[in-house]
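Take a look at the structure set out below.
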Amino acid sequence: MTHYDVIRRPIVTEKAVGKKETDNTLCFEVNCDANKVQIKAAVEKLFKVKVADVRTSILEGKLRRRGRFAGYRHDWKKPTFG
C-alpha cells in the first residue's frame with residue numbers, strides 16, 4: 001500500500017479546523033486497513049512534518065434512504081494527529 005493509498009482525503013469541518021488552530025491537530029480520512037505506523041509514515045512523507053502521535057477511530061456507515069430503497073454508507077477510519 002503506497003502513501004497515497006493510505007490517506008484518502010482531509011476532513012474540513014468546523015470542528016476539525018478549530019482543532020487545527022487550537023491544538024495543532026490534523027484530521028484525515030484514511031484506508032480502514034492502514035495501521036497507525038503506516039498512517040504516521042504517510043503523513044510524514046507527504047506533508048514533510050513530524051508527527052508526535054496518532055489517534056484513530058473507526059466510524060460505522062450510516063443508514064441512508066432514497067424513497068423505498070435503503071442502504072448503508074461505507075465504514076471509514078478517522079485518525080487525528082497531535
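All residue names refer to the C-alpha cells as shown: chains lettered A, B, ... in order, residues numbered from 1 in each chain, ligands numbered from 1 in order.
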
Considering only C-alpha atoms, return as a compact mmCIF listing (two decimals) with N, CA and C atoms, in the first residue's frame whatever protein or nucleic-acid residues lie within 12 Å of range 13-24 of chain A, sequence-local ones (same chain, fewer than 4 positions apart) excluded.
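So out-v9.txt came out as:
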# COMPACT_ATOMS: atom_id res chain seq x y z
N PHE A 28 -7.82 13.37 8.99
CA PHE A 28 -7.90 12.83 7.65
C PHE A 28 -8.84 11.65 7.64
N GLU A 29 -9.33 11.30 6.45
CA GLU A 29 -9.99 10.02 6.24
C GLU A 29 -8.94 9.11 5.63
N VAL A 49 6.30 16.76 7.68
CA VAL A 49 6.13 17.24 9.04
C VAL A 49 6.53 16.11 10.00
N LYS A 50 6.71 16.45 11.26
CA LYS A 50 6.99 15.46 12.29
C LYS A 50 5.71 15.18 13.06
N VAL A 51 5.28 13.93 13.10
CA VAL A 51 4.05 13.54 13.78
C VAL A 51 4.39 13.05 15.18
N ALA A 52 3.75 13.63 16.19
CA ALA A 52 4.01 13.25 17.58
C ALA A 52 3.28 11.95 17.93
N ASP A 53 1.98 11.90 17.65
CA ASP A 53 1.22 10.68 17.92
C ASP A 53 0.03 10.61 16.99
N LYS A 78 -10.93 7.38 10.97
CA LYS A 78 -10.53 8.77 11.11
C LYS A 78 -9.39 8.86 12.12
N PRO A 79 -8.18 9.22 11.66
CA PRO A 79 -7.10 9.46 12.62
C PRO A 79 -6.98 10.96 12.92
N THR A 80 -6.49 11.27 14.10
CA THR A 80 -6.15 12.65 14.44
C THR A 80 -4.71 12.63 14.91
N PHE A 81 -3.96 13.66 14.58
CA PHE A 81 -2.53 13.73 14.88
C PHE A 81 -2.26 14.85 15.86
N GLY A 82 -1.42 14.57 16.80
CA GLY A 82 -1.06 15.58 17.77
C GLY A 82 0.35 16.04 17.61

* Enumerate as a VMD selection string all residues of chain A assigned to strand (DSSP E) by DSSP on the backbone, naming them with the chain letters and numbers the document uses. => chain A and resid 7 to 10 26 to 30 54 to 59 63 to 66 69 to 72 76 to 81

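Of the residues listed (A:Arg8, A:His3, A:Arg73, A:Arg66), A:His3 shows the shortest atom-to-atom separation from Ala41 in chain A; distances use only C-alpha atoms.
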
* Asked: What is the CA of Leu26 in chain A-CA of Leu46 in chain A distance in Å, reported with one decimal?
  ->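 The value is 13.5 Å.
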
* Hey, can you check how far CA of Asn31 in chain A sits from CA of Lys45 in chain A? ->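 We find that CA of Asn31 in chain A and CA of Lys45 in chain A lie 16.5 Å from each other.
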
* Show which residues sit within 10 Å of Thr2 in chain A, as an NGL selection string. Count only C-alpha atoms, and ignore same-chain residues fewer than 2 positions away. => :A and (4-7 or 38 or 42)

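A straight line drawn from CA of Pro10 in chain A to CA of Cys27 in chain A is 6.2 Å long.
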
* DSSP helix (DSSP H, G or I) residues within chain A, as a list in words ->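 Assigned to helix (DSSP H, G or I), within chain A: His3, Tyr4, Asp5, Val6, Glu14, Lys15, Ala16, Val17, Gly18, Lys19, Lys20, Glu21, Thr22, Asp23, Lys36, Val37, Gln38, Ile39, Lys40, Ala41, Ala42, Val43, Glu44, Lys45, Leu46 and Phe47 of chain A.
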
With N, CA and C atoms retained, export the selected residues as a PDB file, in the first residue's frame.
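Written out: out.pdb:
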ATOM      1  N   HIS A   3       1.740   5.487   0.047  1.00  0.00           N
ATOM      2  CA  HIS A   3       1.311   6.582   0.925  1.00  0.00           C
ATOM      3  C   HIS A   3       0.036   7.233   0.409  1.00  0.00           C
ATOM      4  N   TYR A   4      -0.122   7.270  -0.904  1.00  0.00           N
ATOM      5  CA  TYR A   4      -1.320   7.874  -1.490  1.00  0.00           C
ATOM      6  C   TYR A   4      -2.546   6.987  -1.314  1.00  0.00           C
ATOM      7  N   ASP A   5      -2.339   5.685  -1.118  1.00  0.00           N
ATOM      8  CA  ASP A   5      -3.458   4.775  -0.855  1.00  0.00           C
ATOM      9  C   ASP A   5      -3.902   4.856   0.605  1.00  0.00           C
ATOM     10  N   VAL A   6      -2.992   5.214   1.492  1.00  0.00           N
ATOM     11  CA  VAL A   6      -3.321   5.272   2.918  1.00  0.00           C
ATOM     12  C   VAL A   6      -4.223   6.458   3.212  1.00  0.00           C
ATOM     13  N   GLU A  14     -15.963  22.406  10.663  1.00  0.00           N
ATOM     14  CA  GLU A  14     -15.737  23.474  11.626  1.00  0.00           C
ATOM     15  C   GLU A  14     -14.982  22.959  12.847  1.00  0.00           C
ATOM     16  N   LYS A  15     -15.324  21.761  13.279  1.00  0.00           N
ATOM     17  CA  LYS A  15     -14.661  21.175  14.435  1.00  0.00           C
ATOM     18  C   LYS A  15     -13.197  20.843  14.128  1.00  0.00           C
ATOM     19  N   ALA A  16     -12.924  20.286  12.939  1.00  0.00           N
ATOM     20  CA  ALA A  16     -11.555  19.921  12.566  1.00  0.00           C
ATOM     21  C   ALA A  16     -10.672  21.148  12.396  1.00  0.00           C
ATOM     22  N   VAL A  17     -11.213  22.206  11.820  1.00  0.00           N
ATOM     23  CA  VAL A  17     -10.439  23.440  11.656  1.00  0.00           C
ATOM     24  C   VAL A  17     -10.148  24.069  13.012  1.00  0.00           C
ATOM     25  N   GLY A  18     -11.101  24.009  13.922  1.00  0.00           N
ATOM     26  CA  GLY A  18     -10.880  24.521  15.277  1.00  0.00           C
ATOM     27  C   GLY A  18      -9.797  23.752  16.011  1.00  0.00           C
ATOM     28  N   LYS A  19      -9.785  22.409  15.862  1.00  0.00           N
ATOM     29  CA  LYS A  19      -8.744  21.591  16.486  1.00  0.00           C
ATOM     30  C   LYS A  19      -7.384  21.889  15.879  1.00  0.00           C
ATOM     31  N   LYS A  20      -7.373  22.184  14.574  1.00  0.00           N
ATOM     32  CA  LYS A  20      -6.112  22.505  13.902  1.00  0.00           C
ATOM     33  C   LYS A  20      -5.524  23.798  14.454  1.00  0.00           C
ATOM     34  N   GLU A  21      -6.363  24.788  14.656  1.00  0.00           N
ATOM     35  CA  GLU A  21      -5.891  26.087  15.123  1.00  0.00           C
ATOM     36  C   GLU A  21      -5.504  26.070  16.598  1.00  0.00           C
ATOM     37  N   THR A  22      -6.291  25.416  17.445  1.00  0.00           N
ATOM     38  CA  THR A  22      -6.038  25.470  18.882  1.00  0.00           C
ATOM     39  C   THR A  22      -5.055  24.397  19.351  1.00  0.00           C
ATOM     40  N   ASP A  23      -5.191  23.171  18.856  1.00  0.00           N
ATOM     41  CA  ASP A  23      -4.411  22.049  19.375  1.00  0.00           C
ATOM     42  C   ASP A  23      -3.314  21.561  18.446  1.00  0.00           C
ATOM     43  N   LYS A  36      -1.555   2.446  12.555  1.00  0.00           N
ATOM     44  CA  LYS A  36      -1.029   3.734  12.993  1.00  0.00           C
ATOM     45  C   LYS A  36       0.367   4.006  12.440  1.00  0.00           C
ATOM     46  N   VAL A  37       1.189   2.978  12.324  1.00  0.00           N
ATOM     47  CA  VAL A  37       2.552   3.161  11.815  1.00  0.00           C
ATOM     48  C   VAL A  37       2.513   3.587  10.349  1.00  0.00           C
ATOM     49  N   GLN A  38       1.652   2.955   9.555  1.00  0.00           N
ATOM     50  CA  GLN A  38       1.528   3.317   8.143  1.00  0.00           C
ATOM     51  C   GLN A  38       0.973   4.731   7.982  1.00  0.00           C
ATOM     52  N   ILE A  39       0.000   5.097   8.810  1.00  0.00           N
ATOM     53  CA  ILE A  39      -0.596   6.435   8.739  1.00  0.00           C
ATOM     54  C   ILE A  39       0.449   7.491   9.091  1.00  0.00           C
ATOM     55  N   LYS A  40       1.220   7.249  10.144  1.00  0.00           N
ATOM     56  CA  LYS A  40       2.254   8.199  10.557  1.00  0.00           C
ATOM     57  C   LYS A  40       3.307   8.366   9.466  1.00  0.00           C
ATOM     58  N   ALA A  41       3.738   7.270   8.861  1.00  0.00           N
ATOM     59  CA  ALA A  41       4.756   7.334   7.807  1.00  0.00           C
ATOM     60  C   ALA A  41       4.231   8.079   6.588  1.00  0.00           C
ATOM     61  N   ALA A  42       2.962   7.858   6.232  1.00  0.00           N
ATOM     62  CA  ALA A  42       2.385   8.521   5.065  1.00  0.00           C
ATOM     63  C   ALA A  42       2.283  10.028   5.274  1.00  0.00           C
ATOM     64  N   VAL A  43       1.845  10.453   6.448  1.00  0.00           N
ATOM     65  CA  VAL A  43       1.708  11.887   6.722  1.00  0.00           C
ATOM     66  C   VAL A  43       3.078  12.557   6.765  1.00  0.00           C
ATOM     67  N   GLU A  44       4.045  11.917   7.390  1.00  0.00           N
ATOM     68  CA  GLU A  44       5.384  12.499   7.454  1.00  0.00           C
ATOM     69  C   GLU A  44       6.018  12.604   6.076  1.00  0.00           C
ATOM     70  N   LYS A  45       5.803  11.614   5.226  1.00  0.00           N
ATOM     71  CA  LYS A  45       6.393  11.621   3.885  1.00  0.00           C
ATOM     72  C   LYS A  45       5.709  12.638   2.967  1.00  0.00           C
ATOM     73  N   LEU A  46       4.373  12.667   2.972  1.00  0.00           N
ATOM     74  CA  LEU A  46       3.648  13.515   2.034  1.00  0.00           C
ATOM     75  C   LEU A  46       3.676  14.993   2.422  1.00  0.00           C
ATOM     76  N   PHE A  47       3.598  15.299   3.704  1.00  0.00           N
ATOM     77  CA  PHE A  47       3.495  16.686   4.143  1.00  0.00           C
ATOM     78  C   PHE A  47       4.781  17.225   4.757  1.00  0.00           C
TER      79      PHE A  47
END

* **Test item: residues at most 8 Å from Cys32 in chain A, only C-alpha atoms, excluding those fewer than 6 positions along its chain, as a ChimeraX atom specification** => /A:58,75-77
